[in-house]
Amino acid sequence: MVAARLAEAYPGTPTELCALAHRNPFELLVATILSAQTTDARVNSVTPALFAAYPDAASLAVADPADVEAIIRPTGFFRAKARSLVSMAAGLVERFGGEVPTALEDLVTLAGVGRKTANVVRSVAFDLPGLPVDTHVGRLSRRLGLTEATDPAQVERDLDALVPAAARGALSLRLILHGRAVCLARSPRCAECLLADVCPTAPTSLRAARQAAGAPGAAAERRAPAGPAGTVAAGRRQRKERLPGRA
């Protein structure tokens, strides 16, 4: 029920739902590494210049980190990110012929790439099973009673069991969009939530009223535009709570 309602409210494929502008797997990998501790909009503001200067792994692998730093500075933690990007590109050239691998086991061997980033690339760029777990996904999953785990890997396993493999990437992105727009960390907008009647952490009176009415609520009528230019405006202002490194 949760997945179906979110799919109705936030329609689209993982590629359409992803807010990071990219044209190929390499660009998505770079953008995802850059997205640590900043907004997708900020990442999208620097990647055109970055990709113009370094369009592929071969060119980025031999880049002067100082030049990369100058381009990506607005994203924050730019020195660490520049080192990760250059090292990641070198790994692609040395071990994968300059191409982004599809296997999770290969992706996580690259600098700056952890399971979450690998799952983003798999689900969005390659349309393969992958369920990235960020702070939004973890928070909403626990609030909705879909998991009790705090470990991202266990949250991923619990959510994987709820949906077909092909639907995992889209579910993650929809939870993120809903977490940015409605189910905020500090002040969730339960009165606007299309899941209030099935959410165990929603106010009891609201949940009972929704159940009696047999309707998911006002948010069910809202549709979140898809794509880099169309994510919910409120979500654009929500900073991702993750540090640079292997995400």
# chains A, B, ... in the order shown; residues from 1 in each chain; ligands from 1
>>> closest_atom_pairs(of="region 135-163 of chain A", to="region 193-214 of chain A", cutoff="9 Å", atoms="only C-alpha atoms", output="tab-separated table")
residue	atom	partner	partner_atom	distance
A:Arg143	CA	A:Thr201	CA	5.7
A:Leu144	CA	A:Cys199	CA	4.9
A:Gly145	CA	A:Pro200	CA	6.6
>>> write_last_selection(atoms="C-alpha atoms", output="mmCIF file, in the first residue's frame")
data_model
loop_
_atom_site.group_PDB
_atom_site.id
_atom_site.type_symbol
_atom_site.label_atom_id
_atom_site.label_comp_id
_atom_site.auth_asym_id
_atom_site.auth_seq_id
_atom_site.Cartn_x
_atom_site.Cartn_y
_atom_site.Cartn_z
ATOM 1 C CA ARG A 143 8.143 6.117 10.965
ATOM 2 C CA LEU A 144 5.990 3.995 8.664
ATOM 3 C CA GLY A 145 6.849 0.808 10.546
#
>>> residues_around(residues="Arg139 (chain A)", least_positions_apart="6", cutoff="12 Å", atoms="only C-alpha atoms", output="PyMOL selection string")
chain A and resi 133+145-152+155+172+175-176+178-180+183-186+188+201+241
>>> closest_atom_pairs(of="region 96-130 of chain A", to="region 54-57 of chain A", cutoff="12 Å", atoms="only C-alpha atoms", output="Markdown table")
| residue | atom | partner | partner_atom | distance |
| --- | --- | --- | --- | --- |
| A:Phe96 | CA | A:Ala57 | CA | 10.2 |
| A:Gly97 | CA | A:Ala57 | CA | 9.2 |
| A:Gly98 | CA | A:Ala57 | CA | 5.5 |
| A:Glu99 | CA | A:Ala57 | CA | 7.5 |
| A:Val100 | CA | A:Ala57 | CA | 8.8 |
>>> write_last_selection(atoms="C-alpha atoms", output="compact mmCIF listing (two decimals), in the first residue's frame")
# COMPACT_ATOMS: atom_id res chain seq x y z
CA PHE A 96 37.32 -1.03 -15.78
CA GLY A 97 38.52 0.38 -19.07
CA GLY A 98 37.19 3.83 -18.25
CA GLU A 99 33.60 2.59 -18.01
CA VAL A 100 31.36 2.59 -14.95
>>> atom_distance(atom1="CA of Ala118 (chain A)", atom2="CA of Ala103 (chain A)")
8.5 Å
